[in-house]
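Here's work.cif, which has mmCIF, C-alpha atoms:
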```cif
data_work
#
loop_
_atom_site.label_atom_id
_atom_site.label_comp_id
_atom_site.auth_asym_id
_atom_site.auth_seq_id
_atom_site.Cartn_x
_atom_site.Cartn_y
_atom_site.Cartn_z
CA MET A 7 -5.11 1.41 0.35
CA PRO A 8 -3.10 3.40 2.92
CA ARG A 9 -4.67 4.65 6.09
CA VAL A 10 -4.74 8.45 6.50
CA VAL A 11 -3.77 9.16 10.08
CA ALA A 12 -3.63 11.86 12.69
CA LEU A 13 -1.35 10.11 15.16
CA ASP A 14 -2.19 9.99 18.87
CA PHE A 15 0.16 7.47 20.37
CA ALA A 16 -1.24 7.88 23.87
CA LEU A 17 -4.28 6.05 22.51
CA ILE A 18 -2.64 3.87 19.88
CA CYS A 19 -0.34 2.18 22.36
CA LEU A 20 -3.34 0.97 24.38
CA HIS A 21 -4.87 -0.94 21.45
CA ARG A 22 -5.20 -4.70 21.92
CA GLN A 23 -3.40 -6.79 19.33
CA ILE A 24 -5.64 -8.96 17.14
CA MET A 25 -4.71 -12.37 15.84
CA THR A 26 -6.36 -12.49 12.43
CA ILE A 27 -5.26 -16.02 11.51
CA SER A 28 -6.83 -18.81 13.55
CA SER A 29 -6.70 -21.74 11.12
CA GLU A 30 -5.09 -23.04 7.95
CA ALA A 31 -8.45 -22.57 6.20
CA GLU A 32 -8.39 -18.84 7.00
CA LEU A 33 -4.81 -18.57 5.76
CA GLU A 34 -5.73 -20.24 2.48
CA LEU A 35 -8.60 -17.79 1.95
CA LEU A 36 -6.20 -14.90 2.54
CA ARG A 37 -3.71 -16.42 0.11
CA ARG A 38 -6.42 -16.63 -2.51
CA ILE A 39 -7.52 -13.00 -2.33
CA GLY A 40 -3.86 -11.94 -2.09
CA ARG A 41 -3.09 -13.65 -5.39
CA ILE A 42 -6.09 -12.00 -7.04
CA CYS A 43 -5.06 -8.51 -5.92
CA ALA A 44 -1.46 -9.13 -6.99
CA ARG A 45 -2.59 -10.24 -10.43
CA ALA A 46 -4.73 -7.13 -10.90
CA ARG A 47 -1.83 -4.89 -9.80
CA ASP A 48 0.66 -6.50 -12.16
CA VAL A 49 -1.63 -6.79 -15.19
CA MET A 50 -2.61 -3.14 -14.81
CA GLY A 51 1.04 -2.12 -14.52
CA ALA A 52 1.95 -4.06 -17.65
CA ALA A 53 -0.95 -2.48 -19.57
CA LEU A 54 0.25 1.11 -19.12
CA VAL A 55 0.68 2.89 -22.45
CA PRO A 56 0.64 6.55 -23.44
CA GLY A 57 -2.81 7.72 -24.51
CA MET A 58 -4.92 5.49 -22.29
CA THR A 59 -7.09 7.03 -19.59
CA THR A 60 -7.03 6.12 -15.92
CA ALA A 61 -10.64 4.94 -16.31
CA GLU A 62 -9.54 2.48 -18.99
CA LEU A 63 -6.78 1.26 -16.69
CA ASP A 64 -9.26 0.86 -13.85
CA ASP A 65 -11.54 -1.20 -16.11
CA ILE A 66 -8.72 -3.72 -16.52
CA GLY A 67 -8.41 -4.14 -12.77
CA ARG A 68 -12.18 -4.23 -12.30
CA LYS A 69 -12.54 -7.09 -14.78
CA ILE A 70 -9.82 -9.16 -13.10
CA LEU A 71 -11.52 -8.75 -9.73
CA GLU A 72 -14.99 -9.48 -11.08
CA ASP A 73 -13.85 -12.52 -13.07
CA ALA A 74 -12.36 -13.96 -9.87
CA GLY A 75 -15.54 -13.27 -7.90
CA ALA A 76 -13.83 -10.59 -5.79
CA VAL A 77 -15.27 -7.23 -4.77
CA SER A 78 -13.38 -3.93 -4.81
CA ALA A 79 -12.72 -2.99 -1.19
CA PRO A 80 -12.62 0.80 -1.70
CA GLN A 81 -16.00 0.65 -3.40
CA SER A 82 -17.66 -1.72 -0.94
CA GLN A 83 -16.14 -0.21 2.22
CA TYR A 84 -15.99 3.49 1.38
CA ASN A 85 -18.11 4.02 -1.75
CA PHE A 86 -14.97 5.02 -3.64
CA PRO A 87 -15.74 6.01 -7.28
CA GLY A 88 -13.50 3.39 -8.88
CA ALA A 89 -12.53 -0.26 -8.52
CA THR A 90 -8.89 0.65 -7.88
CA CYS A 91 -6.96 3.75 -6.84
CA ILE A 92 -4.84 5.24 -9.62
CA SER A 93 -2.65 8.22 -8.72
CA VAL A 94 -0.56 10.06 -11.30
CA ASN A 95 2.59 12.16 -10.74
CA ASN A 96 2.09 14.49 -7.75
CA ALA A 97 -1.12 12.63 -6.84
CA ILE A 98 0.25 9.93 -4.55
CA ALA A 99 -2.76 8.03 -3.15
CA HIS A 100 -6.50 7.48 -3.50
CA GLY A 101 -6.54 8.84 -7.05
CA VAL A 102 -9.96 8.55 -8.71
CA PRO A 103 -9.97 6.89 -12.14
CA GLY A 104 -11.42 9.10 -14.85
CA ASP A 105 -10.65 10.84 -18.12
CA GLN A 106 -7.05 11.75 -17.26
CA ILE A 107 -4.84 10.74 -20.19
CA LEU A 108 -1.54 9.05 -19.36
CA ARG A 109 1.58 10.34 -21.07
CA GLU A 110 5.03 8.87 -21.59
CA GLY A 111 7.18 9.35 -18.51
CA ASP A 112 4.24 9.68 -16.10
CA LEU A 113 4.64 8.16 -12.65
CA VAL A 114 1.56 6.07 -11.84
CA ASN A 115 0.67 4.44 -8.54
CA ILE A 116 -1.79 1.55 -8.71
CA ASP A 117 -3.39 0.44 -5.43
CA VAL A 118 -5.61 -2.66 -5.45
CA SER A 119 -7.58 -3.92 -2.48
CA ALA A 120 -10.41 -6.41 -2.63
CA GLU A 121 -12.52 -8.91 -0.71
CA LEU A 122 -13.48 -12.51 -1.41
CA ASP A 123 -15.44 -14.80 0.92
CA GLY A 124 -15.10 -12.32 3.78
CA TYR A 125 -11.31 -11.86 3.57
CA PHE A 126 -9.41 -8.80 2.35
CA SER A 127 -6.03 -8.11 0.80
CA ASP A 128 -4.29 -4.88 -0.17
CA THR A 129 -1.34 -4.18 -2.46
CA GLY A 130 0.15 -1.40 -4.52
CA ALA A 131 3.07 -0.41 -6.70
CA SER A 132 4.38 2.54 -8.65
CA PHE A 133 5.08 2.27 -12.38
CA THR A 134 6.25 4.55 -15.16
CA VAL A 135 4.48 4.94 -18.49
CA GLY A 136 7.25 3.90 -20.83
CA PRO A 137 10.75 5.27 -20.19
CA ALA A 138 11.05 7.87 -17.43
CA ARG A 139 13.75 10.24 -16.20
CA PRO A 140 16.69 8.45 -14.55
CA ASP A 141 15.87 9.99 -11.15
CA ILE A 142 12.31 8.62 -11.33
CA GLU A 143 13.57 5.18 -12.29
CA THR A 144 15.95 5.30 -9.32
CA LEU A 145 13.14 6.45 -7.01
CA CYS A 146 11.02 3.45 -8.09
CA ARG A 147 13.90 1.07 -7.48
CA ASP A 148 14.55 2.53 -4.04
CA GLY A 149 10.85 2.59 -3.16
CA LYS A 150 10.78 -1.20 -3.51
CA LYS A 151 13.91 -1.47 -1.39
CA ALA A 152 12.36 0.70 1.32
CA MET A 153 9.35 -1.61 1.51
CA TRP A 154 11.59 -4.67 1.83
CA GLN A 155 13.60 -3.00 4.58
CA GLY A 156 10.37 -2.70 6.54
CA ILE A 157 9.39 -6.30 5.82
CA ARG A 158 12.74 -7.53 7.14
CA ALA A 159 11.84 -6.18 10.60
CA VAL A 160 8.74 -8.38 10.88
CA ARG A 161 8.56 -11.54 13.01
CA ASP A 162 6.67 -12.76 16.06
CA ARG A 163 7.22 -10.53 19.13
CA ALA A 164 9.40 -8.07 17.21
CA PRO A 165 8.89 -4.38 18.03
CA LEU A 166 6.45 -2.82 15.60
CA ARG A 167 8.67 0.27 15.69
CA GLY A 168 11.36 -1.71 13.87
CA ILE A 169 9.40 -1.46 10.61
CA GLY A 170 9.54 2.32 10.53
CA ARG A 171 13.06 2.47 11.92
CA ASN A 172 14.40 0.27 9.12
CA ILE A 173 12.58 2.27 6.46
CA GLU A 174 13.70 5.64 7.81
CA LEU A 175 17.33 4.55 8.05
CA PHE A 176 17.19 3.51 4.41
CA ALA A 177 15.45 6.75 3.37
CA ARG A 178 17.91 9.00 5.17
CA LYS A 179 20.90 7.17 3.70
CA GLY A 180 19.53 7.80 0.21
CA GLY A 181 18.59 11.42 0.82
CA TYR A 182 14.85 10.72 0.66
CA SER A 183 11.90 11.84 2.77
CA LEU A 184 8.86 9.84 3.88
CA ILE A 185 5.18 10.77 3.82
CA ARG A 186 4.21 10.86 7.50
CA ASN A 187 0.42 10.89 7.46
CA LEU A 188 -0.10 7.77 5.34
CA ALA A 189 0.48 4.60 7.32
CA SER A 190 0.42 0.85 6.98
CA HIS A 191 -2.32 -1.05 8.81
CA GLY A 192 -3.83 -4.35 9.80
CA VAL A 193 -5.98 -6.14 7.23
CA GLY A 194 -7.81 -9.45 7.02
CA LYS A 195 -11.49 -9.52 7.89
CA SER A 196 -11.82 -5.85 6.97
CA LEU A 197 -9.72 -3.49 4.86
CA HIS A 198 -8.42 -1.53 7.84
CA GLU A 199 -8.19 -3.23 11.22
CA GLU A 200 -5.85 -3.39 14.20
CA PRO A 201 -3.08 -2.46 14.36
CA HIS A 202 -4.83 0.50 12.75
CA THR A 203 -1.71 2.61 12.32
CA ILE A 204 1.72 1.18 11.55
CA PRO A 205 4.21 4.04 11.06
CA THR A 206 6.54 3.60 8.11
CA TRP A 207 8.90 6.16 9.63
CA ASP A 208 10.70 5.94 12.97
CA GLU A 209 8.28 6.76 15.78
CA PRO A 210 9.93 6.69 19.23
CA ARG A 211 6.56 6.54 21.02
CA GLU A 212 5.63 3.27 19.28
CA GLN A 213 5.69 0.48 21.89
CA ARG A 214 3.57 -2.32 20.42
CA LEU A 215 4.83 -5.76 19.51
CA LEU A 216 3.99 -7.82 16.44
CA ARG A 217 2.33 -11.19 17.07
CA LYS A 218 2.33 -14.43 15.13
CA GLY A 219 -0.80 -14.69 13.02
CA GLN A 220 -1.34 -10.97 12.50
CA VAL A 221 -2.06 -9.86 8.94
CA ILE A 222 -0.68 -6.43 8.07
CA THR A 223 0.36 -4.27 5.16
CA ILE A 224 3.70 -2.55 4.78
CA GLU A 225 3.52 0.41 2.41
CA PRO A 226 6.04 3.22 2.77
CA PHE A 227 5.71 6.35 0.65
CA LEU A 228 9.24 7.33 -0.37
CA SER A 229 9.65 10.85 -1.71
CA ARG A 230 12.25 13.18 -3.13
CA GLY A 231 11.23 15.93 -0.73
CA SER A 232 7.59 15.74 0.38
CA GLN A 233 6.52 14.81 3.91
CA TRP A 234 2.73 15.16 3.95
CA ALA A 235 -0.23 14.09 1.85
CA LEU A 236 -2.80 16.84 1.21
CA GLU A 237 -6.41 16.23 0.21
CA GLY A 238 -7.48 17.46 -3.22
CA GLU A 239 -10.70 19.13 -4.27
CA ASP A 240 -12.43 15.86 -5.18
CA GLY A 241 -12.37 14.77 -1.53
CA TRP A 242 -10.44 11.61 -2.37
CA THR A 243 -7.14 12.21 -4.14
CA LEU A 244 -4.11 12.90 -1.95
CA TYR A 245 -1.23 15.00 -3.27
CA ALA A 246 2.41 15.38 -2.20
CA ASP A 247 2.67 18.62 -0.24
CA THR A 248 5.62 19.95 -2.26
CA GLY A 249 4.75 18.14 -5.49
CA ALA A 250 7.97 16.14 -5.24
CA PRO A 251 7.97 12.71 -6.94
CA THR A 252 6.73 10.08 -4.50
CA VAL A 253 6.31 6.31 -4.82
CA GLN A 254 4.49 3.63 -2.84
CA TYR A 255 5.03 -0.13 -2.79
CA GLU A 256 2.83 -2.38 -0.68
CA HIS A 257 2.45 -6.02 0.25
CA THR A 258 -0.01 -7.78 2.54
CA LEU A 259 1.74 -10.30 4.78
CA VAL A 260 1.24 -12.66 7.70
CA VAL A 261 3.54 -12.46 10.72
CA THR A 262 5.18 -15.84 11.40
CA ALA A 263 7.47 -17.14 14.15
CA LYS A 264 10.62 -16.39 12.15
CA GLY A 265 9.47 -13.74 9.70
CA VAL A 266 6.64 -13.36 7.24
CA GLU A 267 4.57 -14.99 4.55
CA ILE A 268 3.92 -12.52 1.73
CA LEU A 269 0.38 -12.90 0.37
CA THR A 270 0.61 -10.51 -2.60
CA LEU A 271 3.69 -11.70 -4.46
CA PRO A 272 3.42 -12.14 -8.25
CA GLY A 273 2.34 -15.56 -9.41
#
```
Mind turning the file's structure into structure tokens?
Amino acid sequence: MPRVVALDFALICLHRQIMTISSEAELELLRRIGRICARARDVMGAALVPGMTTAELDDIGRKILEDAGAVSAPQSQYNFPGATCISVNNAIAHGVPGDQILREGDLVNIDVSAELDGYFSDTGASFTVGPARPDIETLCRDGKKAMWQGIRAVRDRAPLRGIGRNIELFARKGGYSLIRNLASHGVGKSLHEEPHTIPTWDEPREQRLLRKGQVITIEPFLSRGSQWALEGEDGWTLYADTGAPTVQYEHTLVVTAKGVEILTLPG
């Protein structure tokens, strides 16, 4: 679940880094909830068919979480009116499940975050309902690549700015834009924790360093023209400012000495 931000780097750069992982037991608990969230994301994505409602899709994710003993983080932390966030077409984040009927070619973002035994994980991906236009299929492919470009910048003592720099270089090369008020974030013992704002675009004022043991998300929003997320009338759903197709892909990961351990891979 991305963090909506109004950036003030004079304050952000003073934040103390937090080491979320302090033991192998903690890491195993994070692995467990990461696998649960990944399963819900992937099963929901595979279940997409024309004619189903977003509420029916949400019920699939809810059951997976409940069967595993996990609790929806948006519901428990923010009283969100759904177990998962489901955003369709020009809705790009925090979409509320309901009676909206999915149609062939729709672009659907599924964001799953949950808690088990006091530990949180967060993941998301964009899918199409059946075949989609070639440009949408390409956008989805490149959205995944943008996320991995950010992940490649992560290791102990690496500049946090490198995440956004890598992603923006990739976006510019492909002629894409990035949503600049939805950011990645720390996660672990709460859904959103320090570092509270991790830009997924190049931010020259960013001076923090990543530290071994931190648990973070990386979740760029790659767009074919939009730059800002705007709040809808329901007070939850965020829309692309120009309505341009936009995708999000997200993993939760642990910073290691030489790179990362991804906690929300399929499997």
Legend entry - Gap from atom CA of A:His198 to atom CA of A:Ser119 - Å, one decimal: 10.6 Å
Do you know which residues the PyMOL selection byres ((chain A and resi 122) around 8) returns on this file, as a PDB file with C-alpha atoms, in the frame of the given file?
```pdb
ATOM      1  CA  LEU A  35      -8.600 -17.790   1.950  1.00  0.00           C
ATOM      2  CA  ILE A  39      -7.520 -13.000  -2.330  1.00  0.00           C
ATOM      3  CA  GLY A  75     -15.540 -13.270  -7.900  1.00  0.00           C
ATOM      4  CA  ALA A  76     -13.830 -10.590  -5.790  1.00  0.00           C
ATOM      5  CA  VAL A  77     -15.270  -7.230  -4.770  1.00  0.00           C
ATOM      6  CA  ALA A 120     -10.410  -6.410  -2.630  1.00  0.00           C
ATOM      7  CA  GLU A 121     -12.520  -8.910  -0.710  1.00  0.00           C
ATOM      8  CA  ASP A 123     -15.440 -14.800   0.920  1.00  0.00           C
ATOM      9  CA  GLY A 124     -15.100 -12.320   3.780  1.00  0.00           C
ATOM     10  CA  TYR A 125     -11.310 -11.860   3.570  1.00  0.00           C
ATOM     11  CA  PHE A 126      -9.410  -8.800   2.350  1.00  0.00           C
TER      12      PHE A 126
END
```
Legend entry - Counting only C-alpha atoms, the residue of A:Ala164, A:Leu188, A:Ala53, A:Leu145 that sits nearest A:Arg230: A:Leu145
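Computed from the coordinates, the atom CA of A:Gly104 to atom CA of A:Ala61 distance equals 4.5 Å.
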Spatial neighbours of stretch 100-102 of chain A, 10 Å, only C-alpha atoms, chain gap at least 2 places, as a PDB file with C-alpha atoms, in the coordinates of the input:
```pdb
ATOM      1  CA  MET A   7      -5.110   1.410   0.350  1.00  0.00           C
ATOM      2  CA  PRO A   8      -3.100   3.400   2.920  1.00  0.00           C
ATOM      3  CA  THR A  60      -7.030   6.120 -15.920  1.00  0.00           C
ATOM      4  CA  ALA A  61     -10.640   4.940 -16.310  1.00  0.00           C
ATOM      5  CA  ASP A  64      -9.260   0.860 -13.850  1.00  0.00           C
ATOM      6  CA  PRO A  80     -12.620   0.800  -1.700  1.00  0.00           C
ATOM      7  CA  PHE A  86     -14.970   5.020  -3.640  1.00  0.00           C
ATOM      8  CA  PRO A  87     -15.740   6.010  -7.280  1.00  0.00           C
ATOM      9  CA  GLY A  88     -13.500   3.390  -8.880  1.00  0.00           C
ATOM     10  CA  ALA A  89     -12.530  -0.260  -8.520  1.00  0.00           C
ATOM     11  CA  THR A  90      -8.890   0.650  -7.880  1.00  0.00           C
ATOM     12  CA  CYS A  91      -6.960   3.750  -6.840  1.00  0.00           C
ATOM     13  CA  ILE A  92      -4.840   5.240  -9.620  1.00  0.00           C
ATOM     14  CA  SER A  93      -2.650   8.220  -8.720  1.00  0.00           C
ATOM     15  CA  VAL A  94      -0.560  10.060 -11.300  1.00  0.00           C
ATOM     16  CA  ALA A  97      -1.120  12.630  -6.840  1.00  0.00           C
ATOM     17  CA  ILE A  98       0.250   9.930  -4.550  1.00  0.00           C
ATOM     18  CA  GLY A 104     -11.420   9.100 -14.850  1.00  0.00           C
ATOM     19  CA  ASP A 105     -10.650  10.840 -18.120  1.00  0.00           C
ATOM     20  CA  GLN A 106      -7.050  11.750 -17.260  1.00  0.00           C
ATOM     21  CA  VAL A 114       1.560   6.070 -11.840  1.00  0.00           C
ATOM     22  CA  ASN A 115       0.670   4.440  -8.540  1.00  0.00           C
ATOM     23  CA  ILE A 116      -1.790   1.550  -8.710  1.00  0.00           C
ATOM     24  CA  ASP A 117      -3.390   0.440  -5.430  1.00  0.00           C
ATOM     25  CA  GLU A 237      -6.410  16.230   0.210  1.00  0.00           C
ATOM     26  CA  GLY A 238      -7.480  17.460  -3.220  1.00  0.00           C
ATOM     27  CA  ASP A 240     -12.430  15.860  -5.180  1.00  0.00           C
ATOM     28  CA  GLY A 241     -12.370  14.770  -1.530  1.00  0.00           C
ATOM     29  CA  TRP A 242     -10.440  11.610  -2.370  1.00  0.00           C
ATOM     30  CA  THR A 243      -7.140  12.210  -4.140  1.00  0.00           C
ATOM     31  CA  LEU A 244      -4.110  12.900  -1.950  1.00  0.00           C
ATOM     32  CA  TYR A 245      -1.230  15.000  -3.270  1.00  0.00           C
TER      33      TYR A 245
END
```
Padding 6 Å on each side, edges along x, y and z: where is the centre of the box around the listed atoms of stretch 45-61 of chain A, and how long are its edges in Å to one decimal? Output it as AutoDock Vina command-line options.
```
--center_x -4.3 --center_y -1.3 --center_z -17.2 --size_x 24.6 --size_y 30.0 --size_z 26.7
```
Inset, instruction - Compile the contact shell of A:Leu269 as a list in words: residues with an atom at most 6 Å away, counting only C-alpha atoms, same-chain residues fewer than 5 positions apart removed. - result: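 Selected residues are Arg37, Gly40, Thr258 and Leu259 of chain A.
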Legend entry - A:Ile66, A:Trp207, A:Val118, A:Pro140 ranked by distance to A:Ala99, top pick (using all atoms listed in the file):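 Nearest candidate to A:Ala99 out of A:Ile66, A:Trp207, A:Val118, A:Pro140: A:Val118.
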May I have a table of the residues of stretch 213-233 of chain A lying at most 10 Å from stretch 173-177 of chain A, giving each one's closest pair of atoms and their distance in Å to one decimal, counting only C-alpha atoms, ordered by chain and ascending residue number, as CSV?
```
residue,atom,partner,partner_atom,distance
A:Pro226,CA,A:Ile173,CA,7.6
A:Phe227,CA,A:Ile173,CA,9.9
A:Leu228,CA,A:Ala177,CA,7.3
A:Ser229,CA,A:Ala177,CA,8.7
A:Arg230,CA,A:Ala177,CA,9.7
```
Legend entry - Surrounding residues of A:Asp162 excluding itself and chain neighbours under 5 positions, 6 Å, only C-alpha atoms, as an MDAnalysis selection string: chainID A and resid 216:218 262:263
Inset, instruction - Around the point (-1.5, -1.4, -11.2), in the coordinates given by the file, pick out the residues reaching within 7 Å, counting only C-alpha atoms, and return them as a PyMOL selection string. - result: chain A and resi 46-51+115-117+130-131
Legend entry - Residue nearest A:Ile142 among A:Gly273, A:Pro103, A:Gly192, A:Pro251 (counting all atoms listed in the file):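 Comparing A:Gly273, A:Pro103, A:Gly192, A:Pro251 against A:Ile142, the winner is A:Pro251.
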Inset, instruction - Would you please work out which residue, of A:Val266, A:Leu166, A:Met153, A:Leu54, is nearest to A:Gly111 when using only C-alpha atoms? - result: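 Of all the options, A:Leu54 lies closest to A:Gly111.
Interatomic distance, atom CA of A:Val253 to atom CA of A:Trp154: 13.9 Å.
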What residues come out when you apply the PyMOL selection byres ((chain A and resi 190) around 9) to this file, written as a PDB file with C-alpha atoms, keeping the file's coordinate frame?
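selection_1.pdb, freshly written:
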```pdb
ATOM      1  CA  MET A   7      -5.110   1.410   0.350  1.00  0.00           C
ATOM      2  CA  PRO A   8      -3.100   3.400   2.920  1.00  0.00           C
ATOM      3  CA  ARG A   9      -4.670   4.650   6.090  1.00  0.00           C
ATOM      4  CA  LEU A 188      -0.100   7.770   5.340  1.00  0.00           C
ATOM      5  CA  ALA A 189       0.480   4.600   7.320  1.00  0.00           C
ATOM      6  CA  HIS A 191      -2.320  -1.050   8.810  1.00  0.00           C
ATOM      7  CA  GLY A 192      -3.830  -4.350   9.800  1.00  0.00           C
ATOM      8  CA  PRO A 201      -3.080  -2.460  14.360  1.00  0.00           C
ATOM      9  CA  HIS A 202      -4.830   0.500  12.750  1.00  0.00           C
ATOM     10  CA  THR A 203      -1.710   2.610  12.320  1.00  0.00           C
ATOM     11  CA  ILE A 204       1.720   1.180  11.550  1.00  0.00           C
ATOM     12  CA  PRO A 205       4.210   4.040  11.060  1.00  0.00           C
ATOM     13  CA  THR A 206       6.540   3.600   8.110  1.00  0.00           C
ATOM     14  CA  ILE A 222      -0.680  -6.430   8.070  1.00  0.00           C
ATOM     15  CA  THR A 223       0.360  -4.270   5.160  1.00  0.00           C
ATOM     16  CA  ILE A 224       3.700  -2.550   4.780  1.00  0.00           C
ATOM     17  CA  GLU A 225       3.520   0.410   2.410  1.00  0.00           C
ATOM     18  CA  PRO A 226       6.040   3.220   2.770  1.00  0.00           C
ATOM     19  CA  GLU A 256       2.830  -2.380  -0.680  1.00  0.00           C
TER      20      GLU A 256
END
```
Legend entry - Residues in the PyMOL selection byres ((chain A and resi 246) around 6), expressed as JSON, numbers by chain: {"A": [96, 232, 235, 245, 247, 248, 249]}
Inset, instruction - Compare A:Gln81, A:Thr144, A:Gln220, A:Ser127 by their minimum atom-to-atom distance to A:Ile27, counting only C-alpha atoms, and give me the closest one. - result: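 Once distances to A:Ile27 are computed over only C-alpha atoms, the minimum belongs to A:Gln220.
If you measure from each of A:Leu197, A:Val55, A:Ile169, A:Leu184 to A:Ala250 using only C-alpha atoms, the closest one turns out to be A:Leu184.
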Complete stretch 196-213 of chain A at the level of N, CA and C atoms, written as a PDB file, in the coordinates of the input.
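Generated output (rebuild38.pdb):
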```pdb
ATOM      1  N   SER A 196     -11.371  -7.147   7.482  1.00  0.00           N
ATOM      2  CA  SER A 196     -11.820  -5.850   6.970  1.00  0.00           C
ATOM      3  C   SER A 196     -10.609  -5.212   6.307  1.00  0.00           C
ATOM      4  N   LEU A 197     -10.829  -4.123   5.577  1.00  0.00           N
ATOM      5  CA  LEU A 197      -9.720  -3.490   4.860  1.00  0.00           C
ATOM      6  C   LEU A 197      -8.744  -2.821   5.812  1.00  0.00           C
ATOM      7  N   HIS A 198      -9.267  -2.175   6.846  1.00  0.00           N
ATOM      8  CA  HIS A 198      -8.420  -1.530   7.840  1.00  0.00           C
ATOM      9  C   HIS A 198      -8.822  -2.038   9.218  1.00  0.00           C
ATOM     10  N   GLU A 199      -7.913  -2.735   9.883  1.00  0.00           N
ATOM     11  CA  GLU A 199      -8.190  -3.230  11.220  1.00  0.00           C
ATOM     12  C   GLU A 199      -6.931  -3.124  12.066  1.00  0.00           C
ATOM     13  N   GLU A 200      -7.007  -3.515  13.326  1.00  0.00           N
ATOM     14  CA  GLU A 200      -5.850  -3.390  14.200  1.00  0.00           C
ATOM     15  C   GLU A 200      -4.696  -4.275  13.720  1.00  0.00           C
ATOM     16  N   PRO A 201      -3.456  -3.794  13.888  1.00  0.00           N
ATOM     17  CA  PRO A 201      -3.080  -2.460  14.360  1.00  0.00           C
ATOM     18  C   PRO A 201      -3.426  -1.392  13.314  1.00  0.00           C
ATOM     19  N   HIS A 202      -4.263  -0.446  13.700  1.00  0.00           N
ATOM     20  CA  HIS A 202      -4.830   0.500  12.750  1.00  0.00           C
ATOM     21  C   HIS A 202      -3.784   1.411  12.112  1.00  0.00           C
ATOM     22  N   THR A 203      -2.737   1.706  12.831  1.00  0.00           N
ATOM     23  CA  THR A 203      -1.710   2.610  12.320  1.00  0.00           C
ATOM     24  C   THR A 203      -0.338   2.000  12.546  1.00  0.00           C
ATOM     25  N   ILE A 204       0.362   1.691  11.473  1.00  0.00           N
ATOM     26  CA  ILE A 204       1.720   1.180  11.550  1.00  0.00           C
ATOM     27  C   ILE A 204       2.633   2.209  10.891  1.00  0.00           C
ATOM     28  N   PRO A 205       3.364   3.001  11.668  1.00  0.00           N
ATOM     29  CA  PRO A 205       4.210   4.040  11.060  1.00  0.00           C
ATOM     30  C   PRO A 205       5.286   3.439  10.173  1.00  0.00           C
ATOM     31  N   THR A 206       5.458   4.022   9.005  1.00  0.00           N
ATOM     32  CA  THR A 206       6.540   3.600   8.110  1.00  0.00           C
ATOM     33  C   THR A 206       7.667   4.643   8.162  1.00  0.00           C
ATOM     34  N   TRP A 207       7.804   5.272   9.280  1.00  0.00           N
ATOM     35  CA  TRP A 207       8.900   6.160   9.630  1.00  0.00           C
ATOM     36  C   TRP A 207       9.209   5.848  11.095  1.00  0.00           C
ATOM     37  N   ASP A 208      10.354   6.267  11.592  1.00  0.00           N
ATOM     38  CA  ASP A 208      10.700   5.940  12.970  1.00  0.00           C
ATOM     39  C   ASP A 208       9.861   6.774  13.925  1.00  0.00           C
ATOM     40  N   GLU A 209       9.141   6.101  14.807  1.00  0.00           N
ATOM     41  CA  GLU A 209       8.280   6.760  15.780  1.00  0.00           C
ATOM     42  C   GLU A 209       8.673   6.289  17.180  1.00  0.00           C
ATOM     43  N   PRO A 210       9.426   7.113  17.926  1.00  0.00           N
ATOM     44  CA  PRO A 210       9.930   6.690  19.230  1.00  0.00           C
ATOM     45  C   PRO A 210       8.843   6.314  20.231  1.00  0.00           C
ATOM     46  N   ARG A 211       7.627   6.854  20.068  1.00  0.00           N
ATOM     47  CA  ARG A 211       6.560   6.540  21.020  1.00  0.00           C
ATOM     48  C   ARG A 211       5.897   5.195  20.738  1.00  0.00           C
ATOM     49  N   GLU A 212       6.238   4.552  19.633  1.00  0.00           N
ATOM     50  CA  GLU A 212       5.630   3.270  19.280  1.00  0.00           C
ATOM     51  C   GLU A 212       6.169   2.161  20.183  1.00  0.00           C
ATOM     52  N   GLN A 213       5.275   1.499  20.930  1.00  0.00           N
ATOM     53  CA  GLN A 213       5.690   0.480  21.890  1.00  0.00           C
ATOM     54  C   GLN A 213       5.075  -0.887  21.635  1.00  0.00           C
TER      55      GLN A 213
END
```
